[in-house]
>>> print(open('coords_2.txt').read())   # compact mmCIF, N, CA and C atoms
# COMPACT_ATOMS: atom_id res chain seq x y z
N MET A 27 -138.76 -129.57 222.17
CA MET A 27 -140.12 -129.79 222.65
C MET A 27 -140.31 -131.29 222.92
N ILE A 28 -141.02 -131.59 223.95
CA ILE A 28 -141.25 -132.98 224.35
C ILE A 28 -142.47 -133.52 223.61
N ASP A 29 -142.31 -134.69 223.04
CA ASP A 29 -143.41 -135.34 222.31
C ASP A 29 -144.29 -136.09 223.31
N ARG A 30 -145.54 -135.63 223.43
CA ARG A 30 -146.53 -136.30 224.28
C ARG A 30 -147.69 -136.79 223.45
N SER A 31 -147.53 -136.93 222.17
CA SER A 31 -148.65 -137.22 221.28
C SER A 31 -149.40 -138.49 221.68
N TYR A 32 -148.68 -139.51 222.11
CA TYR A 32 -149.36 -140.75 222.52
C TYR A 32 -150.27 -140.46 223.71
N LEU A 33 -149.75 -139.79 224.73
CA LEU A 33 -150.54 -139.50 225.92
C LEU A 33 -151.65 -138.49 225.65
N ASP A 34 -151.37 -137.51 224.80
CA ASP A 34 -152.39 -136.50 224.50
C ASP A 34 -153.62 -137.08 223.81
N ALA A 35 -153.48 -138.27 223.23
CA ALA A 35 -154.61 -138.94 222.59
C ALA A 35 -155.37 -139.84 223.57
N ALA A 36 -154.92 -139.90 224.82
CA ALA A 36 -155.54 -140.79 225.82
C ALA A 36 -156.54 -140.01 226.67
N ILE A 37 -157.72 -140.57 226.85
CA ILE A 37 -158.77 -139.93 227.64
C ILE A 37 -158.31 -139.68 229.07
N GLY A 38 -157.75 -140.70 229.70
CA GLY A 38 -157.33 -140.56 231.10
C GLY A 38 -156.30 -139.47 231.30
N PHE A 39 -155.32 -139.39 230.40
CA PHE A 39 -154.29 -138.37 230.50
C PHE A 39 -154.90 -136.98 230.32
N GLY A 40 -155.80 -136.87 229.35
CA GLY A 40 -156.48 -135.58 229.14
C GLY A 40 -157.33 -135.16 230.33
N LEU A 41 -158.03 -136.13 230.92
CA LEU A 41 -158.83 -135.82 232.11
C LEU A 41 -157.96 -135.34 233.27
N ARG A 42 -156.84 -136.02 233.45
CA ARG A 42 -155.95 -135.65 234.56
C ARG A 42 -155.37 -134.25 234.36
N ARG A 43 -154.94 -133.96 233.14
CA ARG A 43 -154.40 -132.62 232.86
C ARG A 43 -155.47 -131.55 233.06
N ALA A 44 -156.70 -131.85 232.61
CA ALA A 44 -157.80 -130.90 232.78
C ALA A 44 -158.11 -130.72 234.27
N GLN A 45 -158.10 -131.82 235.03
CA GLN A 45 -158.36 -131.72 236.47
C GLN A 45 -157.33 -130.84 237.15
N LEU A 46 -156.07 -131.03 236.83
CA LEU A 46 -155.01 -130.21 237.44
C LEU A 46 -155.19 -128.74 237.10
N ALA A 47 -155.50 -128.45 235.84
CA ALA A 47 -155.71 -127.06 235.43
C ALA A 47 -156.91 -126.44 236.15
N ILE A 48 -157.99 -127.21 236.23
CA ILE A 48 -159.20 -126.71 236.89
C ILE A 48 -158.95 -126.51 238.39
N PHE A 49 -158.24 -127.42 239.03
CA PHE A 49 -157.95 -127.26 240.45
C PHE A 49 -157.06 -126.04 240.70
N ARG A 50 -156.15 -125.74 239.77
CA ARG A 50 -155.35 -124.51 239.90
C ARG A 50 -156.27 -123.29 239.84
N GLU A 51 -157.22 -123.32 238.91
CA GLU A 51 -158.16 -122.21 238.78
C GLU A 51 -159.06 -122.09 240.02
N ILE A 52 -159.49 -123.21 240.56
CA ILE A 52 -160.30 -123.17 241.78
C ILE A 52 -159.46 -122.59 242.92
N GLY A 53 -158.19 -122.98 242.99
CA GLY A 53 -157.30 -122.41 243.99
C GLY A 53 -157.23 -120.90 243.89
N SER A 54 -157.18 -120.40 242.67
CA SER A 54 -157.18 -118.95 242.47
C SER A 54 -158.52 -118.35 242.89
N ALA A 55 -159.60 -119.03 242.55
CA ALA A 55 -160.94 -118.54 242.92
C ALA A 55 -161.11 -118.48 244.43
N PHE A 56 -160.49 -119.41 245.13
CA PHE A 56 -160.60 -119.46 246.59
C PHE A 56 -159.41 -118.77 247.27
N ALA A 57 -158.67 -117.97 246.52
CA ALA A 57 -157.46 -117.32 247.04
C ALA A 57 -157.74 -116.60 248.36
N GLY A 58 -156.82 -116.78 249.28
CA GLY A 58 -156.92 -116.13 250.57
C GLY A 58 -157.77 -116.89 251.58
N LEU A 59 -158.48 -117.92 251.13
CA LEU A 59 -159.35 -118.66 252.04
C LEU A 59 -158.75 -120.00 252.47
N ALA A 60 -157.71 -120.45 251.80
CA ALA A 60 -157.05 -121.72 252.12
C ALA A 60 -158.07 -122.87 252.21
N VAL A 61 -158.87 -122.99 251.16
CA VAL A 61 -159.88 -124.05 251.08
C VAL A 61 -159.55 -124.91 249.87
N THR A 62 -159.52 -126.21 250.06
CA THR A 62 -159.26 -127.14 248.96
C THR A 62 -160.58 -127.48 248.25
N PRO A 63 -160.49 -127.97 247.01
CA PRO A 63 -161.71 -128.41 246.34
C PRO A 63 -162.45 -129.49 247.14
N ALA A 64 -161.70 -130.39 247.80
CA ALA A 64 -162.35 -131.44 248.60
C ALA A 64 -163.10 -130.84 249.79
N GLN A 65 -162.51 -129.85 250.44
CA GLN A 65 -163.19 -129.20 251.56
C GLN A 65 -164.45 -128.48 251.10
N PHE A 66 -164.34 -127.79 249.96
CA PHE A 66 -165.52 -127.12 249.40
C PHE A 66 -166.62 -128.14 249.10
N SER A 67 -166.23 -129.25 248.50
CA SER A 67 -167.20 -130.31 248.19
C SER A 67 -167.85 -130.83 249.46
N ALA A 68 -167.06 -131.04 250.50
CA ALA A 68 -167.60 -131.53 251.78
C ALA A 68 -168.59 -130.53 252.36
N LEU A 69 -168.23 -129.26 252.37
CA LEU A 69 -169.14 -128.24 252.89
C LEU A 69 -170.45 -128.24 252.11
N SER A 70 -170.35 -128.35 250.79
CA SER A 70 -171.56 -128.35 249.96
C SER A 70 -172.46 -129.53 250.26
N VAL A 71 -171.86 -130.72 250.38
CA VAL A 71 -172.66 -131.93 250.64
C VAL A 71 -173.25 -131.88 252.05
N ILE A 72 -172.48 -131.42 253.03
CA ILE A 72 -173.00 -131.32 254.40
C ILE A 72 -174.16 -130.32 254.44
N SER A 73 -174.01 -129.21 253.74
CA SER A 73 -175.08 -128.21 253.71
C SER A 73 -176.36 -128.78 253.12
N ASP A 74 -176.21 -129.55 252.06
CA ASP A 74 -177.39 -130.13 251.40
C ASP A 74 -177.93 -131.36 252.11
N ASN A 75 -177.15 -131.91 253.05
CA ASN A 75 -177.54 -133.14 253.77
C ASN A 75 -177.20 -133.01 255.25
N PRO A 76 -177.83 -132.08 255.95
CA PRO A 76 -177.50 -131.90 257.37
C PRO A 76 -177.66 -133.21 258.14
N GLY A 77 -176.67 -133.51 258.94
CA GLY A 77 -176.72 -134.74 259.73
C GLY A 77 -176.13 -135.93 259.02
N ILE A 78 -175.52 -135.73 257.86
CA ILE A 78 -174.88 -136.83 257.13
C ILE A 78 -173.75 -137.39 258.00
N SER A 79 -173.56 -138.68 257.95
CA SER A 79 -172.46 -139.28 258.72
C SER A 79 -171.15 -139.11 257.96
N GLN A 80 -170.05 -139.27 258.68
CA GLN A 80 -168.74 -139.19 258.04
C GLN A 80 -168.59 -140.27 256.98
N ALA A 81 -169.10 -141.47 257.25
CA ALA A 81 -169.03 -142.57 256.29
C ALA A 81 -169.86 -142.24 255.04
N GLU A 82 -171.04 -141.67 255.23
CA GLU A 82 -171.88 -141.29 254.09
C GLU A 82 -171.22 -140.19 253.27
N LEU A 83 -170.56 -139.25 253.95
CA LEU A 83 -169.86 -138.19 253.25
C LEU A 83 -168.73 -138.76 252.39
N ALA A 84 -167.98 -139.69 252.95
CA ALA A 84 -166.90 -140.33 252.19
C ALA A 84 -167.46 -141.01 250.94
N LEU A 85 -168.57 -141.69 251.09
CA LEU A 85 -169.21 -142.36 249.97
C LEU A 85 -169.69 -141.35 248.92
N ALA A 86 -170.32 -140.28 249.38
CA ALA A 86 -170.84 -139.26 248.46
C ALA A 86 -169.72 -138.59 247.67
N LEU A 87 -168.57 -138.40 248.31
CA LEU A 87 -167.45 -137.73 247.64
C LEU A 87 -166.50 -138.72 246.98
N ASP A 88 -166.78 -140.00 247.14
CA ASP A 88 -165.96 -141.06 246.55
C ASP A 88 -164.50 -140.95 247.01
N ILE A 89 -164.34 -140.79 248.33
CA ILE A 89 -163.00 -140.76 248.91
C ILE A 89 -162.92 -141.80 250.02
N ASP A 90 -161.71 -142.19 250.36
CA ASP A 90 -161.51 -143.18 251.41
C ASP A 90 -161.97 -142.62 252.75
N ARG A 91 -162.65 -143.45 253.53
CA ARG A 91 -163.17 -143.01 254.83
C ARG A 91 -162.10 -142.41 255.73
N PRO A 92 -160.88 -142.98 255.79
CA PRO A 92 -159.87 -142.37 256.67
C PRO A 92 -159.49 -140.94 256.26
N ARG A 93 -159.68 -140.58 255.01
CA ARG A 93 -159.36 -139.22 254.57
C ARG A 93 -160.40 -138.19 255.01
N VAL A 94 -161.60 -138.66 255.34
CA VAL A 94 -162.65 -137.73 255.74
C VAL A 94 -162.37 -137.12 257.10
N VAL A 95 -161.84 -137.92 258.01
CA VAL A 95 -161.64 -137.45 259.39
C VAL A 95 -160.73 -136.22 259.45
N PRO A 96 -159.53 -136.24 258.86
CA PRO A 96 -158.70 -135.03 258.94
C PRO A 96 -159.32 -133.84 258.21
N MET A 97 -160.07 -134.10 257.14
CA MET A 97 -160.72 -133.01 256.44
C MET A 97 -161.77 -132.35 257.34
N ILE A 98 -162.57 -133.17 258.00
CA ILE A 98 -163.59 -132.63 258.91
C ILE A 98 -162.92 -131.96 260.12
N ASP A 99 -161.82 -132.55 260.59
CA ASP A 99 -161.07 -131.92 261.68
C ASP A 99 -160.66 -130.50 261.29
N ALA A 100 -160.16 -130.33 260.07
CA ALA A 100 -159.72 -129.01 259.60
C ALA A 100 -160.90 -128.04 259.50
N LEU A 101 -162.02 -128.52 258.98
CA LEU A 101 -163.20 -127.66 258.87
C LEU A 101 -163.76 -127.31 260.24
N GLU A 102 -163.69 -128.26 261.15
CA GLU A 102 -164.16 -128.02 262.52
C GLU A 102 -163.24 -127.02 263.23
N ALA A 103 -161.94 -127.12 262.99
CA ALA A 103 -160.98 -126.20 263.60
C ALA A 103 -161.22 -124.76 263.15
N ARG A 104 -161.75 -124.61 261.95
CA ARG A 104 -162.08 -123.28 261.43
C ARG A 104 -163.43 -122.78 261.96
N GLY A 105 -164.15 -123.67 262.64
CA GLY A 105 -165.46 -123.29 263.16
C GLY A 105 -166.56 -123.39 262.12
N TRP A 106 -166.32 -124.16 261.04
CA TRP A 106 -167.29 -124.26 259.95
C TRP A 106 -168.20 -125.48 260.06
N THR A 107 -167.77 -126.50 260.77
CA THR A 107 -168.59 -127.70 260.94
C THR A 107 -168.55 -128.11 262.40
N HIS A 108 -169.51 -128.93 262.76
CA HIS A 108 -169.44 -129.60 264.06
C HIS A 108 -170.04 -130.99 263.93
N ARG A 109 -169.53 -131.87 264.76
CA ARG A 109 -170.00 -133.25 264.78
C ARG A 109 -170.94 -133.43 265.96
N MET A 110 -171.98 -134.19 265.72
CA MET A 110 -172.90 -134.55 266.79
C MET A 110 -172.98 -136.06 266.85
N THR A 111 -172.96 -136.60 268.04
CA THR A 111 -173.08 -138.04 268.20
C THR A 111 -174.51 -138.45 267.89
N ASP A 112 -174.65 -139.50 267.09
CA ASP A 112 -175.97 -140.03 266.74
C ASP A 112 -176.54 -140.70 267.99
N PRO A 113 -177.71 -140.25 268.46
CA PRO A 113 -178.27 -140.85 269.68
C PRO A 113 -178.61 -142.33 269.52
N ALA A 114 -178.89 -142.77 268.29
CA ALA A 114 -179.23 -144.17 268.06
C ALA A 114 -178.00 -145.07 267.99
N ASP A 115 -176.86 -144.49 267.63
CA ASP A 115 -175.61 -145.26 267.53
C ASP A 115 -174.46 -144.32 267.87
N ARG A 116 -174.00 -144.39 269.08
CA ARG A 116 -173.00 -143.43 269.59
C ARG A 116 -171.66 -143.51 268.86
N ARG A 117 -171.46 -144.52 268.03
CA ARG A 117 -170.22 -144.61 267.24
C ARG A 117 -170.28 -143.71 266.02
N VAL A 118 -171.47 -143.30 265.62
CA VAL A 118 -171.67 -142.51 264.40
C VAL A 118 -171.65 -141.02 264.74
N ARG A 119 -170.92 -140.25 263.94
CA ARG A 119 -170.87 -138.80 264.09
C ARG A 119 -171.64 -138.17 262.93
N ARG A 120 -172.59 -137.34 263.26
CA ARG A 120 -173.40 -136.63 262.28
C ARG A 120 -172.81 -135.24 262.08
N LEU A 121 -172.73 -134.82 260.83
CA LEU A 121 -172.07 -133.57 260.48
C LEU A 121 -173.08 -132.46 260.18
N HIS A 122 -172.75 -131.28 260.66
CA HIS A 122 -173.59 -130.10 260.44
C HIS A 122 -172.67 -128.90 260.20
N LEU A 123 -173.17 -127.94 259.43
CA LEU A 123 -172.44 -126.69 259.28
C LEU A 123 -172.84 -125.76 260.41
N THR A 124 -171.90 -124.96 260.84
CA THR A 124 -172.18 -123.90 261.80
C THR A 124 -172.67 -122.68 261.02
N ALA A 125 -173.09 -121.66 261.71
CA ALA A 125 -173.48 -120.42 261.03
C ALA A 125 -172.29 -119.85 260.26
N ALA A 126 -171.11 -119.93 260.85
CA ALA A 126 -169.91 -119.45 260.16
C ALA A 126 -169.62 -120.30 258.92
N GLY A 127 -169.89 -121.60 259.01
CA GLY A 127 -169.70 -122.48 257.86
C GLY A 127 -170.67 -122.16 256.74
N GLU A 128 -171.91 -121.89 257.10
CA GLU A 128 -172.91 -121.50 256.09
C GLU A 128 -172.50 -120.20 255.41
N ALA A 129 -172.03 -119.24 256.19
CA ALA A 129 -171.59 -117.96 255.61
C ALA A 129 -170.39 -118.16 254.70
N ALA A 130 -169.43 -118.97 255.13
CA ALA A 130 -168.26 -119.25 254.30
C ALA A 130 -168.68 -119.93 253.00
N LEU A 131 -169.64 -120.85 253.11
CA LEU A 131 -170.09 -121.57 251.92
C LEU A 131 -170.76 -120.64 250.93
N VAL A 132 -171.50 -119.65 251.39
CA VAL A 132 -172.12 -118.68 250.49
C VAL A 132 -171.03 -117.98 249.67
N ASP A 133 -169.98 -117.53 250.34
CA ASP A 133 -168.85 -116.88 249.66
C ASP A 133 -168.18 -117.85 248.69
N LEU A 134 -167.91 -119.06 249.14
CA LEU A 134 -167.26 -120.05 248.29
C LEU A 134 -168.10 -120.39 247.06
N LYS A 135 -169.41 -120.54 247.25
CA LYS A 135 -170.28 -120.86 246.11
C LYS A 135 -170.31 -119.71 245.10
N THR A 136 -170.26 -118.48 245.58
CA THR A 136 -170.21 -117.32 244.69
C THR A 136 -168.93 -117.36 243.86
N ARG A 137 -167.82 -117.62 244.52
CA ARG A 137 -166.53 -117.70 243.82
C ARG A 137 -166.53 -118.89 242.84
N PHE A 138 -167.08 -120.01 243.30
CA PHE A 138 -167.12 -121.21 242.47
C PHE A 138 -168.01 -121.00 241.25
N ALA A 139 -169.12 -120.29 241.42
CA ALA A 139 -170.03 -120.02 240.30
C ALA A 139 -169.33 -119.18 239.23
N ARG A 140 -168.52 -118.21 239.65
CA ARG A 140 -167.76 -117.41 238.68
C ARG A 140 -166.76 -118.29 237.94
N HIS A 141 -166.11 -119.20 238.67
CA HIS A 141 -165.17 -120.14 238.05
C HIS A 141 -165.90 -121.02 237.03
N GLU A 142 -167.04 -121.58 237.41
CA GLU A 142 -167.82 -122.43 236.50
C GLU A 142 -168.27 -121.65 235.27
N ALA A 143 -168.66 -120.40 235.46
CA ALA A 143 -169.10 -119.57 234.33
C ALA A 143 -167.95 -119.36 233.34
N ARG A 144 -166.74 -119.19 233.86
CA ARG A 144 -165.58 -119.06 232.96
C ARG A 144 -165.36 -120.34 232.16
N LEU A 145 -165.53 -121.50 232.80
CA LEU A 145 -165.38 -122.76 232.08
C LEU A 145 -166.44 -122.90 230.99
N VAL A 146 -167.68 -122.56 231.32
CA VAL A 146 -168.76 -122.65 230.34
C VAL A 146 -168.50 -121.67 229.19
N ASP A 147 -168.00 -120.49 229.51
CA ASP A 147 -167.68 -119.53 228.45
C ASP A 147 -166.62 -120.10 227.50
N ARG A 148 -165.62 -120.78 228.05
CA ARG A 148 -164.56 -121.35 227.21
C ARG A 148 -165.08 -122.50 226.36
N LEU A 149 -165.97 -123.31 226.93
CA LEU A 149 -166.47 -124.48 226.22
C LEU A 149 -167.70 -124.21 225.37
N GLY A 150 -168.51 -123.29 225.80
CA GLY A 150 -169.84 -123.10 225.22
C GLY A 150 -170.82 -123.97 225.99
N SER A 151 -172.06 -123.52 226.08
CA SER A 151 -173.07 -124.22 226.89
C SER A 151 -173.29 -125.66 226.45
N GLU A 152 -173.44 -125.85 225.14
CA GLU A 152 -173.74 -127.19 224.65
C GLU A 152 -172.58 -128.15 224.93
N ARG A 153 -171.38 -127.71 224.64
CA ARG A 153 -170.22 -128.57 224.88
C ARG A 153 -170.04 -128.85 226.38
N ALA A 154 -170.31 -127.84 227.22
CA ALA A 154 -170.20 -128.03 228.67
C ALA A 154 -171.18 -129.11 229.14
N GLN A 155 -172.41 -129.08 228.66
CA GLN A 155 -173.40 -130.08 229.03
C GLN A 155 -173.01 -131.46 228.53
N GLN A 156 -172.46 -131.52 227.32
CA GLN A 156 -171.99 -132.80 226.78
C GLN A 156 -170.85 -133.35 227.63
N LEU A 157 -169.95 -132.47 228.03
CA LEU A 157 -168.82 -132.91 228.86
C LEU A 157 -169.32 -133.43 230.21
N ILE A 158 -170.23 -132.73 230.84
CA ILE A 158 -170.77 -133.19 232.12
C ILE A 158 -171.42 -134.56 231.94
N GLY A 159 -172.18 -134.73 230.87
CA GLY A 159 -172.81 -136.03 230.61
C GLY A 159 -171.77 -137.12 230.40
N ALA A 160 -170.74 -136.83 229.64
CA ALA A 160 -169.68 -137.81 229.40
C ALA A 160 -168.94 -138.17 230.69
N LEU A 161 -168.69 -137.17 231.52
CA LEU A 161 -168.01 -137.43 232.79
C LEU A 161 -168.85 -138.32 233.69
N HIS A 162 -170.15 -138.09 233.70
CA HIS A 162 -171.05 -138.94 234.50
C HIS A 162 -171.01 -140.39 233.99
N ILE A 163 -170.99 -140.55 232.69
CA ILE A 163 -170.92 -141.91 232.11
C ILE A 163 -169.64 -142.59 232.57
N LEU A 164 -168.51 -141.89 232.48
CA LEU A 164 -167.24 -142.47 232.88
C LEU A 164 -167.22 -142.79 234.39
N ALA A 165 -167.75 -141.89 235.18
CA ALA A 165 -167.75 -142.10 236.63
C ALA A 165 -168.67 -143.25 237.03
N ASP A 166 -169.81 -143.36 236.36
CA ASP A 166 -170.79 -144.39 236.72
C ASP A 166 -170.40 -145.79 236.27
N THR A 167 -169.50 -145.87 235.30
CA THR A 167 -169.07 -147.19 234.83
C THR A 167 -167.82 -147.66 235.55
N GLY A 168 -167.27 -146.78 236.40
CA GLY A 168 -166.05 -147.17 237.13
C GLY A 168 -164.82 -147.13 236.27
N SER A 169 -164.90 -146.50 235.11
CA SER A 169 -163.74 -146.40 234.21
C SER A 169 -162.75 -145.38 234.71
>>> encode(input="coords_2.txt", output="structure tokens")
Amino acid sequence: MIDRSYLDAAIGFGLRRAQLAIFREIGSAFAGLAVTPAQFSALSVISDNPGISQAELALALDIDRPRVVPMIDALEARGWTHRMTDPADRRVRRLHLTAAGEAALVDLKTRFARHEARLVDRLGSERAQQLIGALHILADTGS
């Protein structure tokens, strides 16, 4: 057996292992749809913020701006999003979900809700809320 005791006591290592496990579970939840967690997140943010720019989306998801373009390209190729040129600044592309994108998001959110419910069942409600609070603290401090 491999000794990982030093790493297992580290917050960052534990977070990374948990993230990988959760992303595997999300992959199972989205089985057959070929949707990544990042794409799901983008669809959710676009739905809640119609007309958001690509730069604003990158900021909201805390990802590099160059990574947003291929992600939106993939969603657009599926017919789930479309870009509109901002009339005030033709360099800016505003993002919107299509009707097909809204329908896909309803299905994805249903699957995601079942996934989240399984996590809460494993942790318990109180511990789940504490974890969310702790994660926000870590994210907001840039740690």
>>> select_by_dssp(input="coords_2.txt", residues="chain A", states="helix (DSSP H, G or I)", output="ChimeraX atom specification")
/A:31-34,37-55,63-74,80-87,91-103,125-149,151-166
>>> axis_aligned_box(input="coords_2.txt", around="stretch 54-71 of chain A", padding_each_side="4 Å", output="lines of an AutoDock Vina configuration file")
center_x = -165.0
center_y = -124.0
center_z = 247.7
size_x = 24.4
size_y = 23.8
size_z = 18.4
>>> closest_atom_pairs(input="coords_2.txt", of="stretch 27-84 of chain A", to="stretch 121-144 of chain A", cutoff="5 Å", atoms="all atoms listed in the file", output="CSV")
residue,atom,partner,partner_atom,distance
A:Gly77,N,A:Leu121,C,3.9
A:Ile78,C,A:Leu121,N,4.0
A:Ser79,N,A:Leu121,N,4.9
>>> closest_residue(input="coords_2.txt", among="A:Ile98, A:Val118, A:Ile89, A:Ala57", to="A:Ile72", atoms="only C-alpha atoms")
A:Ile98
>>> atom_distance(input="coords_2.txt", atom1="atom CA of A:Ile158", atom2="atom CA of A:Leu101")
28.3 Å
>>> atom_distance(input="coords_2.txt", atom1="atom N of A:Phe49", atom2="atom N of A:Thr62")
11.2 Å
>>> closest_residue(input="coords_2.txt", among="A:Leu59, A:Val146, A:Ala68, A:Leu83", to="A:Glu102", atoms="only C-alpha atoms")
A:Ala68
>>> atom_distance(input="coords_2.txt", atom1="atom C of A:Gly159", atom2="atom C of A:Arg91")
27.6 Å
>>> closest_residue(input="coords_2.txt", among="A:Ala84, A:Arg42, A:Gln65, A:Asn75", to="A:Trp106", atoms="only C-alpha atoms")
A:Gln65
>>> closest_residue(input="coords_2.txt", among="A:Phe56, A:Gln156, A:Gly38, A:Arg120", to="A:Pro76", atoms="only C-alpha atoms")
A:Arg120
>>> closest_residue(input="coords_2.txt", among="A:Ala86, A:Leu149, A:Ala103, A:Met97", to="A:Asp74", atoms="only C-alpha atoms")
A:Ala86
>>> select_by_dssp(input="coords_2.txt", residues="stretch 91-168 of chain A", states="strand (DSSP E or B)", output="VMD selection string")
chain A and resid 107 to 112 115 to 123
